[in-house]
>>> print(open('coords_35.cif').read())   # mmCIF, C-alpha atoms
data_start
loop_
_atom_site.label_atom_id
_atom_site.label_comp_id
_atom_site.auth_asym_id
_atom_site.auth_seq_id
_atom_site.Cartn_x
_atom_site.Cartn_y
_atom_site.Cartn_z
CA LYS A 143 77.49 8.85 24.46
CA LYS A 144 77.41 6.41 21.56
CA GLY A 145 80.77 6.07 19.82
CA PHE A 146 82.65 7.87 22.60
CA GLN A 147 86.20 6.65 23.19
CA PHE A 148 88.92 7.63 25.64
CA GLN A 149 92.42 6.48 26.51
CA VAL A 150 93.90 5.87 29.97
CA ILE A 151 97.66 6.39 30.24
CA PHE A 152 99.37 5.13 33.40
CA THR A 153 102.47 7.05 34.51
CA GLN A 154 103.23 4.56 37.30
CA SER A 155 102.55 0.90 37.99
CA PRO A 156 98.76 0.65 37.59
CA LYS A 157 96.35 -0.90 40.06
CA LEU A 158 93.74 -2.34 37.73
CA ALA A 159 91.69 -3.59 40.68
CA LEU A 160 90.75 0.02 41.44
CA ILE A 161 89.15 0.47 38.01
CA ASP A 162 85.72 -0.96 37.24
CA PHE A 163 85.98 -1.95 33.56
CA SER A 164 82.52 -3.54 33.60
CA GLN A 165 81.06 -0.10 32.89
CA PHE A 166 82.60 -0.08 29.42
CA ASP A 167 81.37 -1.91 26.33
CA ARG A 168 84.88 -2.83 25.22
CA VAL A 169 88.34 -2.47 26.77
CA GLU A 170 91.54 -2.82 24.75
CA GLN A 171 94.91 -3.05 26.45
CA HIS A 172 97.88 -1.44 24.76
CA PRO A 173 100.37 -3.98 23.27
CA SER A 174 103.19 -2.44 25.33
CA TYR A 175 101.30 -3.35 28.52
CA ILE A 176 99.83 -6.77 27.72
CA GLY A 177 101.62 -9.45 29.72
CA ARG A 178 103.49 -7.06 32.00
CA GLU A 179 100.87 -7.17 34.71
CA GLU A 180 101.64 -9.34 37.70
CA GLY A 181 100.80 -13.02 37.42
CA LYS A 182 100.70 -13.18 33.60
CA GLY A 183 103.92 -15.11 33.00
CA GLY A 184 106.50 -12.74 34.47
CA SER A 185 109.19 -11.02 32.44
CA LYS A 186 112.59 -11.88 31.01
CA THR A 187 115.23 -10.21 28.89
CA LEU A 188 116.69 -11.47 25.64
CA ALA A 189 119.98 -11.96 27.48
CA ASP A 190 118.17 -14.31 29.89
CA CYS A 191 116.99 -16.33 26.90
CA PHE A 192 120.51 -16.64 25.47
CA ASP A 193 121.86 -17.69 28.88
CA LEU A 194 119.24 -20.46 29.08
CA PHE A 195 119.95 -21.44 25.46
CA ASN A 196 123.64 -22.01 26.30
CA LYS A 197 123.05 -24.00 29.50
CA TRP A 198 123.74 -27.71 29.78
CA GLU A 199 120.56 -29.76 29.94
CA ILE A 200 119.88 -33.40 30.76
CA LEU A 201 117.60 -35.20 28.32
CA ASP A 202 114.63 -36.65 30.17
CA GLN A 203 113.01 -40.06 29.75
CA PHE A 204 111.05 -38.88 26.72
CA ASN A 205 114.12 -37.53 24.89
CA ARG A 206 116.86 -40.02 25.67
CA TRP A 207 119.88 -40.31 23.39
CA PHE A 208 120.92 -43.67 21.95
CA CYS A 209 124.56 -44.39 22.79
CA LYS A 210 126.34 -46.30 20.01
CA ASN A 211 128.89 -47.70 22.47
CA CYS A 212 126.50 -48.80 25.21
CA LYS A 213 123.75 -49.75 22.73
CA VAL A 214 121.12 -48.30 25.08
CA SER A 215 119.16 -45.04 25.37
CA VAL A 216 120.54 -42.82 28.12
CA SER A 217 119.68 -39.47 29.71
CA ALA A 218 122.63 -37.66 28.16
CA LYS A 219 123.75 -34.06 28.69
CA LYS A 220 123.28 -31.67 25.79
CA LYS A 221 124.46 -28.12 25.12
CA LEU A 222 123.80 -25.79 22.19
CA GLU A 223 126.35 -23.20 21.08
CA ILE A 224 126.47 -20.53 18.37
CA MET A 225 129.59 -21.00 16.25
CA ARG A 226 129.14 -18.17 13.73
CA ALA A 227 126.95 -15.08 13.63
CA PRO A 228 124.87 -14.51 10.46
CA PRO A 229 124.44 -11.08 8.81
CA ILE A 230 120.65 -11.41 9.17
CA LEU A 231 119.57 -12.83 12.52
CA MET A 232 116.06 -14.20 13.13
CA LEU A 233 115.15 -15.08 16.71
CA HIS A 234 112.10 -17.26 17.28
CA LEU A 235 110.71 -16.88 20.80
CA LYS A 236 109.05 -20.00 22.19
CA ARG A 237 105.45 -18.90 22.69
CA PHE A 238 103.74 -22.31 22.84
CA LYS A 239 104.11 -25.20 25.25
CA ALA A 240 102.90 -28.65 24.26
CA LYS A 241 101.03 -30.87 26.70
CA GLN A 242 102.54 -34.33 27.11
CA GLY A 243 100.38 -37.03 25.56
CA VAL A 244 97.91 -34.64 23.92
CA ALA A 245 98.23 -34.21 20.16
CA LEU A 246 96.62 -30.77 19.89
CA GLY A 247 96.89 -29.74 23.53
CA GLY A 248 99.07 -27.05 25.00
CA SER A 249 99.11 -23.44 26.05
CA ARG A 250 100.54 -20.10 25.04
CA LEU A 251 103.52 -18.72 26.99
CA ASN A 252 102.71 -15.11 27.89
CA THR A 253 106.08 -14.20 29.36
CA PHE A 254 107.13 -10.68 28.46
CA VAL A 255 110.60 -10.74 26.85
CA ASP A 256 112.32 -7.37 26.69
CA PHE A 257 114.75 -6.94 23.81
CA PRO A 258 116.89 -4.05 22.53
CA LEU A 259 115.99 -2.19 19.36
CA GLU A 260 119.62 -1.26 18.80
CA ASN A 261 123.07 -2.65 19.61
CA LEU A 262 122.21 -6.24 20.47
CA ASP A 263 125.70 -7.56 21.28
CA LEU A 264 126.17 -11.33 20.94
CA SER A 265 129.94 -11.36 21.44
CA LYS A 266 129.45 -13.30 24.67
CA TYR A 267 127.58 -16.12 22.91
CA VAL A 268 129.29 -16.45 19.50
CA LYS A 269 132.38 -18.67 19.39
CA LYS A 270 134.02 -17.41 16.21
CA PHE A 271 133.62 -14.09 14.44
CA THR A 272 135.67 -11.62 12.40
CA ILE A 273 132.98 -8.93 12.30
CA PRO A 274 131.53 -7.90 15.69
CA PRO A 275 128.12 -9.63 16.10
CA ILE A 276 126.23 -6.45 17.02
CA TYR A 277 122.72 -6.06 15.63
CA ASP A 278 119.89 -3.57 15.15
CA LEU A 279 116.25 -4.65 15.09
CA TYR A 280 114.34 -3.93 11.88
CA ALA A 281 111.13 -6.01 12.17
CA VAL A 282 108.99 -8.05 14.55
CA SER A 283 106.28 -10.62 13.85
CA ASN A 284 103.56 -10.58 16.53
CA HIS A 285 101.07 -13.27 17.52
CA TYR A 286 97.83 -12.72 19.46
CA GLY A 287 95.65 -15.59 20.58
CA ASN A 288 96.29 -19.16 21.70
CA THR A 289 97.46 -22.50 20.36
CA GLY A 290 94.30 -23.15 18.37
CA TYR A 291 93.65 -19.70 16.97
CA GLY A 292 95.27 -16.31 16.65
CA HIS A 293 96.04 -13.20 14.69
CA TYR A 294 99.36 -12.00 13.30
CA THR A 295 100.63 -8.45 12.93
CA ALA A 296 104.04 -6.97 12.19
CA PHE A 297 106.19 -4.05 13.28
CA ALA A 298 108.82 -2.74 10.86
CA TYR A 299 111.38 0.05 10.98
CA ASN A 300 111.44 2.55 8.12
CA ASN A 301 115.08 3.52 7.71
CA THR A 302 114.17 6.55 5.61
CA ALA A 303 111.53 8.00 7.93
CA LYS A 304 113.42 6.78 11.03
CA ASP A 305 110.14 5.57 12.54
CA TRP A 306 108.45 2.30 13.47
CA TYR A 307 105.23 1.23 11.75
CA LYS A 308 102.53 -1.32 12.55
CA PHE A 309 101.10 -3.55 9.83
CA ASP A 310 97.75 -5.12 10.74
CA ASP A 311 95.97 -6.55 7.70
CA SER A 312 95.18 -3.47 5.59
CA LEU A 313 96.01 -1.04 8.43
CA VAL A 314 99.39 0.72 8.48
CA ALA A 315 100.12 3.19 11.27
CA LYS A 316 103.14 4.82 12.87
CA ILE A 317 103.84 3.69 16.44
CA ASP A 318 106.07 4.67 19.30
CA LYS A 319 109.21 2.53 19.53
CA ARG A 320 108.30 1.69 23.14
CA GLU A 321 105.38 -0.35 21.81
CA VAL A 322 107.63 -2.75 19.89
CA PRO A 323 108.60 -5.13 22.75
CA SER A 324 105.42 -6.84 24.00
CA VAL A 325 104.09 -10.21 25.06
CA ALA A 326 102.88 -10.64 21.48
CA SER A 327 106.45 -10.55 20.11
CA TYR A 328 107.03 -13.86 18.33
CA VAL A 329 109.83 -13.61 15.74
CA LEU A 330 112.54 -10.92 15.90
CA PHE A 331 114.47 -9.81 12.82
CA TYR A 332 117.89 -8.26 13.36
CA LYS A 333 120.46 -6.87 10.90
CA ARG A 334 124.15 -6.72 11.70
CA LYS A 335 125.49 -3.19 12.21
CA ASP A 336 127.93 -3.32 9.28
CA LEU A 337 124.99 -3.95 6.92
CA ALA A 338 123.27 -0.67 7.76
CA SER A 339 123.59 0.61 4.21
CA GLY A 340 122.38 -2.61 2.61
CA VAL A 341 123.08 -6.32 2.41
CA ASP A 342 126.30 -7.24 0.62
CA TYR A 343 126.28 -10.84 -0.60
CA SER A 344 130.07 -11.11 -0.32
CA LYS A 345 129.83 -10.36 3.40
CA MET A 346 127.11 -12.96 3.85
CA LYS A 347 129.68 -15.64 3.00
CA GLN A 348 131.02 -15.21 6.51
CA VAL A 349 128.63 -17.88 7.75
CA MET A 350 129.64 -20.35 5.04
CA PRO A 351 132.43 -22.94 5.56
CA PRO A 352 135.86 -22.05 4.09
CA GLY A 353 136.03 -22.82 0.39
CA TYR A 354 132.26 -22.92 0.00
CA LYS A 355 131.01 -22.17 -3.50
CA PRO A 356 127.36 -21.45 -4.25
CA PRO A 357 125.89 -24.25 -6.38
CA GLU A 358 125.33 -23.51 -10.03
CA VAL A 359 121.85 -24.20 -11.30
CA ILE A 360 121.76 -25.26 -14.95
CA LEU A 361 118.38 -25.76 -16.57
CA LYS A 362 118.31 -28.11 -19.52
CA VAL A 363 115.19 -28.22 -21.66
CA THR A 364 114.69 -31.68 -23.05
CA PRO A 365 112.34 -31.81 -26.06
CA LYS A 366 109.35 -34.03 -25.50
CA LYS A 367 109.32 -37.22 -27.49
CA GLU A 368 106.34 -37.77 -29.71
CA LYS A 369 104.14 -40.54 -28.34
CA ARG A 370 102.54 -43.05 -30.63
CA VAL A 371 99.84 -45.58 -29.89
CA GLU A 372 98.72 -48.71 -31.63
CA VAL A 373 95.05 -48.91 -32.51
CA SER A 374 92.79 -51.42 -34.11
CA PRO A 375 92.55 -51.15 -37.93
CA ASN A 376 88.83 -50.46 -37.71
CA VAL A 377 89.46 -47.13 -35.93
CA LEU A 378 92.29 -45.91 -38.14
CA PRO A 379 91.65 -42.54 -39.78
CA GLN A 380 90.86 -42.52 -43.49
CA ASN A 381 94.10 -40.64 -44.15
CA LYS A 382 96.76 -43.33 -43.81
CA ASN A 383 99.48 -40.69 -43.34
CA ALA A 384 97.76 -39.23 -40.27
CA ARG A 385 99.39 -39.72 -36.87
CA ILE A 386 97.49 -41.01 -33.85
CA PHE A 387 98.08 -39.05 -30.59
CA PRO A 388 97.07 -40.21 -27.13
CA TYR A 389 94.25 -38.18 -25.54
CA PRO A 390 94.30 -35.23 -25.08
CA GLN A 391 95.26 -34.32 -28.62
CA PRO A 392 97.53 -31.32 -29.17
CA GLY A 393 95.62 -28.10 -28.96
CA LEU A 394 92.57 -29.64 -27.32
CA VAL A 395 91.45 -29.12 -23.73
CA PRO A 396 89.22 -31.77 -22.07
CA GLN A 397 85.71 -30.39 -21.48
#
>>> encode(input="coords_35.cif", output="structure tokens")
Amino acid sequence: KKGFQFQVIFTQSPKLALIDFSQFDRVEQHPSYIGREEGKGGSKTLADCFDLFNKWEILDQFNRWFCKNCKVSVSAKKKLEIMRAPPILMLHLKRFKAKQGVALGGSRLNTFVDFPLENLDLSKYVKKFTIPPIYDLYAVSNHYGNTGYGHYTAFAYNNTAKDWYKFDDSLVAKIDKREVPSVASYVLFYKRKDLASGVDYSKMKQVMPPGYKPPEVILKVTPKKEKRVEVSPNVLPQNKNARIFPYPQPGLVPQ
């Protein structure tokens, strides 16, 4: 029947090979399932990502570090650490892998990364903190496509309605919270638990160095100096008291 649609909901691990999708004009996979099927990049947790982020790594031949003492480039060891936890935390998942020697080459990483919607605890990874670095998710930026093209959508939590919503161009729809983590997840937006009632600027100073003062911006309006030009006597206006302005003259717009 023309225009007929139906939805298949799997209660257990599906065996897609047993379903002949060629009989349908169009098949759309649910975002919560995309990338979870076997052989599509595997799956990781956000904790796995932080563990890898904190590991020591040896810089390869293409990323050697120049030693000021030895005066040569060496394959040094490097480690990244999180010193302070911000009130608003944005996590950018690496979804694209560049191809060595190709300017526009590369591929999309379709690994499914599972992340918590509530109570993301970073105490294990943050070196210094006075307020517990525990976060709740409030938005996600999604990417569909590849390195050369794609489409972006967003998921956002409505604190008043206590529901998650999908924003896709002009479409806004309520979704189940289980749909939020997917292989399309690209940028995660977390808010620290103590900011549940709103962002307090005084608390945001936690990430600033001791004694830091926000810069003062002072705008000074300097009056424009009147420009004069010298012209040949044969083009002077008949009124000797008139002033000559460079083009364009005040009040005139070039046609």
>>> atom_distance(input="coords_35.cif", atom1="CA of Tyr267 (chain A)", atom2="CA of Asp190 (chain A)")
11.9 Å
>>> resolve_selection(input="coords_35.cif", expression="the PyMOL selection byres ((chain A and resi 219-221) around 12)", output="list in words")
Asp193, Leu194, Phe195, Asn196, Lys197, Trp198, Glu199, Ile200, Leu201, Asp202, Asn205, Arg206, Trp207, Cys209, Val216, Ser217, Ala218, Leu222, Glu223 and Ile224 of chain A
>>> resolve_selection(input="coords_35.cif", expression="the PyMOL selection byres ((chain A and resi 232-239) around 6)", output="ChimeraX atom specification")
/A:231,240,248-251,328-331
>>> resolve_selection(input="coords_35.cif", expression="the PyMOL selection byres ((chain A and resi 289-306) around 7)", output="PyMOL selection string")
chain A and resi 238+248-250+280-288+307-310+316-319+322
>>> write_last_selection(input="coords_35.cif", atoms="C-alpha atoms", output="PDB file, in the coordinates of the input")
ATOM      1  CA  PHE A 238     103.740 -22.310  22.840  1.00  0.00           C
ATOM      2  CA  GLY A 248      99.070 -27.050  25.000  1.00  0.00           C
ATOM      3  CA  SER A 249      99.110 -23.440  26.050  1.00  0.00           C
ATOM      4  CA  ARG A 250     100.540 -20.100  25.040  1.00  0.00           C
ATOM      5  CA  TYR A 280     114.340  -3.930  11.880  1.00  0.00           C
ATOM      6  CA  ALA A 281     111.130  -6.010  12.170  1.00  0.00           C
ATOM      7  CA  VAL A 282     108.990  -8.050  14.550  1.00  0.00           C
ATOM      8  CA  SER A 283     106.280 -10.620  13.850  1.00  0.00           C
ATOM      9  CA  ASN A 284     103.560 -10.580  16.530  1.00  0.00           C
ATOM     10  CA  HIS A 285     101.070 -13.270  17.520  1.00  0.00           C
ATOM     11  CA  TYR A 286      97.830 -12.720  19.460  1.00  0.00           C
ATOM     12  CA  GLY A 287      95.650 -15.590  20.580  1.00  0.00           C
ATOM     13  CA  ASN A 288      96.290 -19.160  21.700  1.00  0.00           C
ATOM     14  CA  TYR A 307     105.230   1.230  11.750  1.00  0.00           C
ATOM     15  CA  LYS A 308     102.530  -1.320  12.550  1.00  0.00           C
ATOM     16  CA  PHE A 309     101.100  -3.550   9.830  1.00  0.00           C
ATOM     17  CA  ASP A 310      97.750  -5.120  10.740  1.00  0.00           C
ATOM     18  CA  LYS A 316     103.140   4.820  12.870  1.00  0.00           C
ATOM     19  CA  ILE A 317     103.840   3.690  16.440  1.00  0.00           C
ATOM     20  CA  ASP A 318     106.070   4.670  19.300  1.00  0.00           C
ATOM     21  CA  LYS A 319     109.210   2.530  19.530  1.00  0.00           C
ATOM     22  CA  VAL A 322     107.630  -2.750  19.890  1.00  0.00           C
TER      23      VAL A 322
END
>>> closest_residue(input="coords_35.cif", among="A:Lys213, A:Arg226, A:Lys241, A:Lys186", to="Pro275 (chain A)", atoms="all atoms listed in the file")
A:Arg226
>>> atom_distance(input="coords_35.cif", atom1="CA of Phe254 (chain A)", atom2="CA of Arg320 (chain A)")
13.5 Å
>>> atom_distance(input="coords_35.cif", atom1="CA of Tyr277 (chain A)", atom2="CA of Val314 (chain A)")
25.3 Å
